[in-house]
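Visitor: As input, take upload.cif (mmCIF, N, CA and C atoms):
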```cif
data_my_file
#
loop_
_atom_site.label_atom_id
_atom_site.label_comp_id
_atom_site.auth_asym_id
_atom_site.auth_seq_id
_atom_site.Cartn_x
_atom_site.Cartn_y
_atom_site.Cartn_z
N MET A 176 -28.75 2.62 -0.89
CA MET A 176 -27.70 1.94 -1.63
C MET A 176 -26.86 1.11 -0.66
N ALA A 177 -26.65 -0.12 -0.98
CA ALA A 177 -25.86 -1.01 -0.13
C ALA A 177 -24.43 -1.09 -0.67
N ILE A 178 -23.50 -1.06 0.24
CA ILE A 178 -22.09 -1.21 -0.12
C ILE A 178 -21.65 -2.58 0.35
N ARG A 179 -21.18 -3.39 -0.60
CA ARG A 179 -20.71 -4.73 -0.25
C ARG A 179 -19.35 -4.63 0.42
N VAL A 180 -19.18 -5.37 1.47
CA VAL A 180 -17.91 -5.39 2.21
C VAL A 180 -17.42 -6.83 2.25
N LYS A 181 -16.13 -7.00 2.05
CA LYS A 181 -15.54 -8.33 2.10
C LYS A 181 -14.21 -8.23 2.85
N SER A 182 -13.99 -9.13 3.75
CA SER A 182 -12.73 -9.20 4.47
C SER A 182 -11.79 -10.12 3.70
N LEU A 183 -10.65 -9.61 3.32
CA LEU A 183 -9.67 -10.41 2.58
C LEU A 183 -9.00 -11.38 3.55
N ARG A 184 -9.10 -12.65 3.25
CA ARG A 184 -8.53 -13.68 4.12
C ARG A 184 -7.41 -14.44 3.43
N SER A 185 -6.85 -13.85 2.40
CA SER A 185 -5.73 -14.48 1.69
C SER A 185 -4.73 -13.41 1.31
N ARG A 186 -3.64 -13.81 0.75
CA ARG A 186 -2.58 -12.89 0.37
C ARG A 186 -2.97 -12.12 -0.89
N TYR A 187 -2.32 -10.99 -1.13
CA TYR A 187 -2.66 -10.11 -2.25
C TYR A 187 -2.53 -10.78 -3.61
N ASP A 188 -1.67 -11.76 -3.73
CA ASP A 188 -1.48 -12.39 -5.04
C ASP A 188 -2.69 -13.25 -5.45
N ARG A 189 -3.69 -13.36 -4.60
CA ARG A 189 -4.91 -14.11 -4.93
C ARG A 189 -6.06 -13.18 -5.33
N LEU A 190 -5.83 -11.87 -5.35
CA LEU A 190 -6.89 -10.91 -5.65
C LEU A 190 -7.54 -11.14 -7.01
N LEU A 191 -6.73 -11.31 -8.05
CA LEU A 191 -7.26 -11.45 -9.40
C LEU A 191 -8.05 -12.73 -9.59
N ALA A 192 -7.78 -13.73 -8.77
CA ALA A 192 -8.47 -15.02 -8.90
C ALA A 192 -9.73 -15.09 -8.03
N ASP A 193 -10.01 -14.05 -7.25
CA ASP A 193 -11.16 -14.06 -6.34
C ASP A 193 -12.45 -13.82 -7.12
N ALA A 194 -13.23 -14.86 -7.30
CA ALA A 194 -14.48 -14.77 -8.08
C ALA A 194 -15.53 -13.92 -7.38
N GLY A 195 -15.36 -13.66 -6.10
CA GLY A 195 -16.32 -12.85 -5.35
C GLY A 195 -16.13 -11.35 -5.52
N LEU A 196 -15.11 -10.95 -6.26
CA LEU A 196 -14.84 -9.52 -6.48
C LEU A 196 -15.06 -9.14 -7.93
N PRO A 197 -15.65 -7.96 -8.17
CA PRO A 197 -15.70 -7.47 -9.54
C PRO A 197 -14.27 -7.21 -10.04
N GLU A 198 -14.07 -7.20 -11.34
CA GLU A 198 -12.72 -6.99 -11.90
C GLU A 198 -12.14 -5.64 -11.54
N ARG A 199 -12.98 -4.61 -11.51
CA ARG A 199 -12.50 -3.25 -11.22
C ARG A 199 -13.52 -2.52 -10.36
N GLY A 200 -13.07 -1.37 -9.83
CA GLY A 200 -13.96 -0.55 -9.02
C GLY A 200 -13.98 -0.89 -7.54
N ASN A 201 -13.08 -1.73 -7.10
CA ASN A 201 -12.98 -2.12 -5.69
C ASN A 201 -12.11 -1.14 -4.93
N LEU A 202 -12.38 -1.00 -3.65
CA LEU A 202 -11.54 -0.20 -2.76
C LEU A 202 -11.06 -1.12 -1.64
N MET A 203 -9.74 -1.26 -1.52
CA MET A 203 -9.17 -2.03 -0.43
C MET A 203 -8.64 -1.05 0.61
N ILE A 204 -9.02 -1.25 1.85
CA ILE A 204 -8.51 -0.42 2.94
C ILE A 204 -7.50 -1.25 3.70
N LEU A 205 -6.26 -0.77 3.69
CA LEU A 205 -5.15 -1.49 4.34
C LEU A 205 -4.69 -0.70 5.55
N THR A 206 -4.36 -1.40 6.61
CA THR A 206 -3.75 -0.75 7.76
C THR A 206 -2.34 -1.29 7.94
N LEU A 207 -1.43 -0.41 8.24
CA LEU A 207 -0.03 -0.78 8.47
C LEU A 207 0.35 -0.37 9.87
N PRO A 208 1.25 -1.03 10.51
CA PRO A 208 2.00 -2.18 10.01
C PRO A 208 1.12 -3.43 9.97
N GLN A 209 1.48 -4.33 9.09
CA GLN A 209 0.74 -5.58 8.94
C GLN A 209 1.34 -6.65 9.85
N ALA A 210 0.51 -7.56 10.30
CA ALA A 210 0.98 -8.65 11.16
C ALA A 210 1.99 -9.52 10.42
N SER A 211 1.72 -9.80 9.15
CA SER A 211 2.64 -10.56 8.29
C SER A 211 3.02 -9.67 7.11
N PRO A 212 4.26 -9.22 7.05
CA PRO A 212 4.66 -8.34 5.95
C PRO A 212 4.41 -8.98 4.58
N ALA A 213 4.02 -8.16 3.62
CA ALA A 213 3.76 -8.66 2.27
C ALA A 213 5.08 -9.04 1.59
N ARG A 214 5.02 -10.11 0.84
CA ARG A 214 6.18 -10.57 0.06
C ARG A 214 6.23 -9.79 -1.25
N GLN A 215 7.37 -9.82 -1.91
CA GLN A 215 7.55 -9.08 -3.16
C GLN A 215 6.51 -9.49 -4.21
N LEU A 216 6.24 -10.78 -4.34
CA LEU A 216 5.24 -11.26 -5.30
C LEU A 216 3.87 -10.68 -4.99
N GLU A 217 3.53 -10.58 -3.71
CA GLU A 217 2.26 -10.01 -3.32
C GLU A 217 2.18 -8.52 -3.63
N MET A 218 3.28 -7.81 -3.39
CA MET A 218 3.31 -6.38 -3.66
C MET A 218 3.10 -6.11 -5.15
N GLU A 219 3.73 -6.93 -5.99
CA GLU A 219 3.56 -6.79 -7.43
C GLU A 219 2.12 -7.09 -7.84
N ALA A 220 1.51 -8.09 -7.22
CA ALA A 220 0.12 -8.43 -7.52
C ALA A 220 -0.82 -7.31 -7.08
N LEU A 221 -0.56 -6.70 -5.93
CA LEU A 221 -1.39 -5.59 -5.46
C LEU A 221 -1.27 -4.40 -6.40
N LYS A 222 -0.06 -4.10 -6.84
CA LYS A 222 0.14 -3.00 -7.78
C LYS A 222 -0.60 -3.28 -9.08
N ASP A 223 -0.53 -4.49 -9.58
CA ASP A 223 -1.24 -4.87 -10.80
C ASP A 223 -2.75 -4.72 -10.59
N TRP A 224 -3.26 -5.14 -9.46
CA TRP A 224 -4.68 -5.04 -9.14
C TRP A 224 -5.14 -3.58 -9.16
N VAL A 225 -4.32 -2.68 -8.60
CA VAL A 225 -4.64 -1.25 -8.61
C VAL A 225 -4.60 -0.70 -10.03
N GLU A 226 -3.59 -1.10 -10.80
CA GLU A 226 -3.47 -0.62 -12.18
C GLU A 226 -4.62 -1.09 -13.06
N ARG A 227 -5.32 -2.14 -12.67
CA ARG A 227 -6.46 -2.67 -13.44
C ARG A 227 -7.77 -1.96 -13.12
N GLY A 228 -7.71 -0.90 -12.32
CA GLY A 228 -8.91 -0.11 -12.06
C GLY A 228 -9.47 -0.21 -10.66
N ASN A 229 -8.66 -0.65 -9.73
CA ASN A 229 -9.07 -0.74 -8.34
C ASN A 229 -8.29 0.30 -7.53
N ALA A 230 -8.62 0.44 -6.26
CA ALA A 230 -7.95 1.45 -5.43
C ALA A 230 -7.56 0.85 -4.09
N ALA A 231 -6.50 1.42 -3.51
CA ALA A 231 -6.06 1.01 -2.18
C ALA A 231 -5.90 2.26 -1.32
N LEU A 232 -6.54 2.27 -0.18
CA LEU A 232 -6.39 3.33 0.80
C LEU A 232 -5.50 2.76 1.89
N VAL A 233 -4.31 3.33 2.06
CA VAL A 233 -3.33 2.80 3.01
C VAL A 233 -3.29 3.71 4.23
N LEU A 234 -3.67 3.16 5.37
CA LEU A 234 -3.63 3.88 6.64
C LEU A 234 -2.41 3.38 7.40
N ASP A 235 -1.41 4.23 7.51
CA ASP A 235 -0.13 3.80 8.07
C ASP A 235 0.08 4.37 9.46
N GLY A 236 -0.07 3.51 10.45
CA GLY A 236 0.17 3.90 11.83
C GLY A 236 1.63 3.85 12.21
N SER A 237 2.49 3.46 11.29
CA SER A 237 3.92 3.34 11.57
C SER A 237 4.70 4.43 10.85
N ILE A 238 4.10 5.56 10.57
CA ILE A 238 4.72 6.60 9.76
C ILE A 238 6.05 7.09 10.34
N GLU A 239 6.23 6.95 11.64
CA GLU A 239 7.48 7.40 12.24
C GLU A 239 8.70 6.66 11.69
N VAL A 240 8.52 5.44 11.15
CA VAL A 240 9.67 4.74 10.59
C VAL A 240 10.19 5.43 9.35
N TRP A 241 9.35 6.18 8.66
CA TRP A 241 9.79 6.90 7.46
C TRP A 241 10.75 8.03 7.82
N HIS A 242 10.74 8.43 9.05
CA HIS A 242 11.57 9.55 9.47
C HIS A 242 12.95 9.10 9.95
N SER A 243 13.21 7.79 9.90
CA SER A 243 14.50 7.31 10.36
C SER A 243 15.60 7.73 9.38
N ARG A 244 16.82 7.73 9.84
CA ARG A 244 17.94 8.19 9.00
C ARG A 244 18.09 7.38 7.72
N SER A 245 18.01 6.07 7.79
CA SER A 245 18.24 5.25 6.60
C SER A 245 17.18 5.50 5.54
N LEU A 246 15.93 5.69 5.95
CA LEU A 246 14.88 5.95 4.97
C LEU A 246 14.93 7.38 4.47
N ALA A 247 15.31 8.31 5.33
CA ALA A 247 15.41 9.71 4.90
C ALA A 247 16.52 9.86 3.87
N ALA A 248 17.50 8.96 3.88
CA ALA A 248 18.61 9.04 2.93
C ALA A 248 18.25 8.51 1.55
N GLY A 249 17.05 8.02 1.38
CA GLY A 249 16.62 7.59 0.05
C GLY A 249 16.23 6.13 -0.07
N ASP A 250 16.39 5.36 0.98
CA ASP A 250 16.03 3.94 0.93
C ASP A 250 14.57 3.78 1.32
N ARG A 251 13.67 4.26 0.47
CA ARG A 251 12.24 4.24 0.79
C ARG A 251 11.55 3.08 0.10
N GLN A 252 11.64 1.91 0.67
CA GLN A 252 10.96 0.74 0.14
C GLN A 252 9.73 0.49 0.99
N GLY A 253 8.85 -0.31 0.50
CA GLY A 253 7.65 -0.62 1.25
C GLY A 253 6.42 -0.44 0.39
N MET A 254 5.27 -0.56 1.02
CA MET A 254 4.02 -0.53 0.28
C MET A 254 3.81 0.78 -0.46
N ALA A 255 4.05 1.91 0.18
CA ALA A 255 3.84 3.20 -0.48
C ALA A 255 4.70 3.32 -1.73
N ALA A 256 5.96 2.92 -1.64
CA ALA A 256 6.86 3.01 -2.79
C ALA A 256 6.42 2.07 -3.91
N VAL A 257 6.01 0.87 -3.57
CA VAL A 257 5.58 -0.10 -4.58
C VAL A 257 4.36 0.40 -5.33
N LEU A 258 3.45 1.07 -4.62
CA LEU A 258 2.24 1.57 -5.26
C LEU A 258 2.47 2.89 -5.99
N GLY A 259 3.71 3.40 -5.97
CA GLY A 259 4.04 4.59 -6.75
C GLY A 259 4.03 5.89 -5.96
N PHE A 260 3.98 5.80 -4.65
CA PHE A 260 4.00 7.00 -3.84
C PHE A 260 5.40 7.22 -3.27
N SER A 261 5.72 8.46 -3.01
CA SER A 261 6.97 8.75 -2.32
C SER A 261 6.68 9.81 -1.26
N LEU A 262 7.49 9.83 -0.26
CA LEU A 262 7.35 10.81 0.81
C LEU A 262 8.59 11.67 0.88
N GLU A 263 8.40 12.94 1.17
CA GLU A 263 9.52 13.84 1.38
C GLU A 263 9.31 14.56 2.69
N PHE A 264 10.37 14.71 3.44
CA PHE A 264 10.29 15.42 4.70
C PHE A 264 11.17 16.66 4.62
N ALA A 265 10.64 17.77 5.09
CA ALA A 265 11.43 19.00 5.14
C ALA A 265 12.50 18.86 6.22
N ARG A 266 13.66 19.38 5.99
CA ARG A 266 14.70 19.36 6.99
C ARG A 266 14.32 20.34 8.12
N PRO A 267 14.66 20.00 9.35
CA PRO A 267 14.35 20.91 10.45
C PRO A 267 14.93 22.30 10.16
N GLY A 268 14.12 23.31 10.39
CA GLY A 268 14.57 24.69 10.17
C GLY A 268 14.34 25.19 8.75
N ARG A 269 13.96 24.34 7.84
CA ARG A 269 13.68 24.75 6.46
C ARG A 269 12.19 24.64 6.20
N ARG A 270 11.72 25.51 5.36
CA ARG A 270 10.33 25.43 4.94
C ARG A 270 10.25 24.66 3.65
N SER A 271 9.21 23.86 3.51
CA SER A 271 9.04 23.13 2.25
C SER A 271 8.40 24.05 1.23
N ALA A 272 8.75 23.83 -0.04
CA ALA A 272 8.18 24.63 -1.12
C ALA A 272 6.74 24.21 -1.35
N GLY A 273 5.89 25.15 -1.66
CA GLY A 273 4.56 24.77 -2.04
C GLY A 273 3.53 25.32 -1.18
#
```
Hey, can you dump this file as structure tokens for me?

Guide:
Amino acid sequence: MAIRVKSLRSRYDRLLADAGLPERGNLMILTLPQASPARQLEMEALKDWVERGNAALVLDGSIEVWHSRSLAAGDRQGMAAVLGFSLEFARPGRRSAG
């Protein structure tokens, strides 16, 4: 079985117009941080693309930024938040439930 691979050479807001991609069933592998941060319009387009039956695997090498004070206080914006994910960190000395 052959797996088709395509390197995305445009911004996320062009995904739906890409005739070389099936409408659904695609997997996009993203690595963060990105050289050029995604704009709000692109983030909305990526979320729409995922909601239409595609998937995004986000590999975040910048996870330490989530542990900063401003983000720990609830200001969690970015790709993970836009795609519907949230992160929680246990406070030092406390055990997380679960």

Visitor: Have a look at A:Ile178, A:Ala194, A:Leu202, A:Leu183 and name the one nearest to Leu232 of chain A; count only N, CA and C atoms.

Guide: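 Selected residue with least distance to Leu232 of chain A: A:Leu202.
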
Visitor: With all atoms listed in the file as the counted atoms, please give the residues lying no more than 6.5 Å from Glu198 of chain A, apart from itself and same-chain residues fewer than 5 positions off, as a list in words.

Guide: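 In the requested form, the answer reads Arg227, Gly228 and Asn229 of chain A.
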
Visitor: Just the number, please: distance in Å from atom N of Leu191 of chain A to atom N of Ala213 of chain A, one decimal.

Guide: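 We find that atom N of Leu191 of chain A and atom N of Ala213 of chain A lie 16.2 Å from each other.
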
Visitor: Residues picked by the PyMOL selection byres ((chain A and resi 203) around 5) here, as a PyMOL selection string?

Guide: chain A and resi 201-202+204-205+230-232

Visitor: Using Å and a single decimal, report how far atom N of Ala210 of chain A sits from atom CA of Asp235 of chain A.

Guide: 11.6 Å

Visitor: How many Å lie between atom CA of Pro208 of chain A and atom CA of Leu234 of chain A, rounded to one decimal?

Guide: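 Rounded to one decimal, the two atoms are 8.9 Å apart.
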
Visitor: Which is closest to Asp188 of chain A among A:Met176, A:Gly236, A:Glu217, A:Gly200, if we use only C-alpha atoms?

Guide: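 Closest candidate: A:Glu217.
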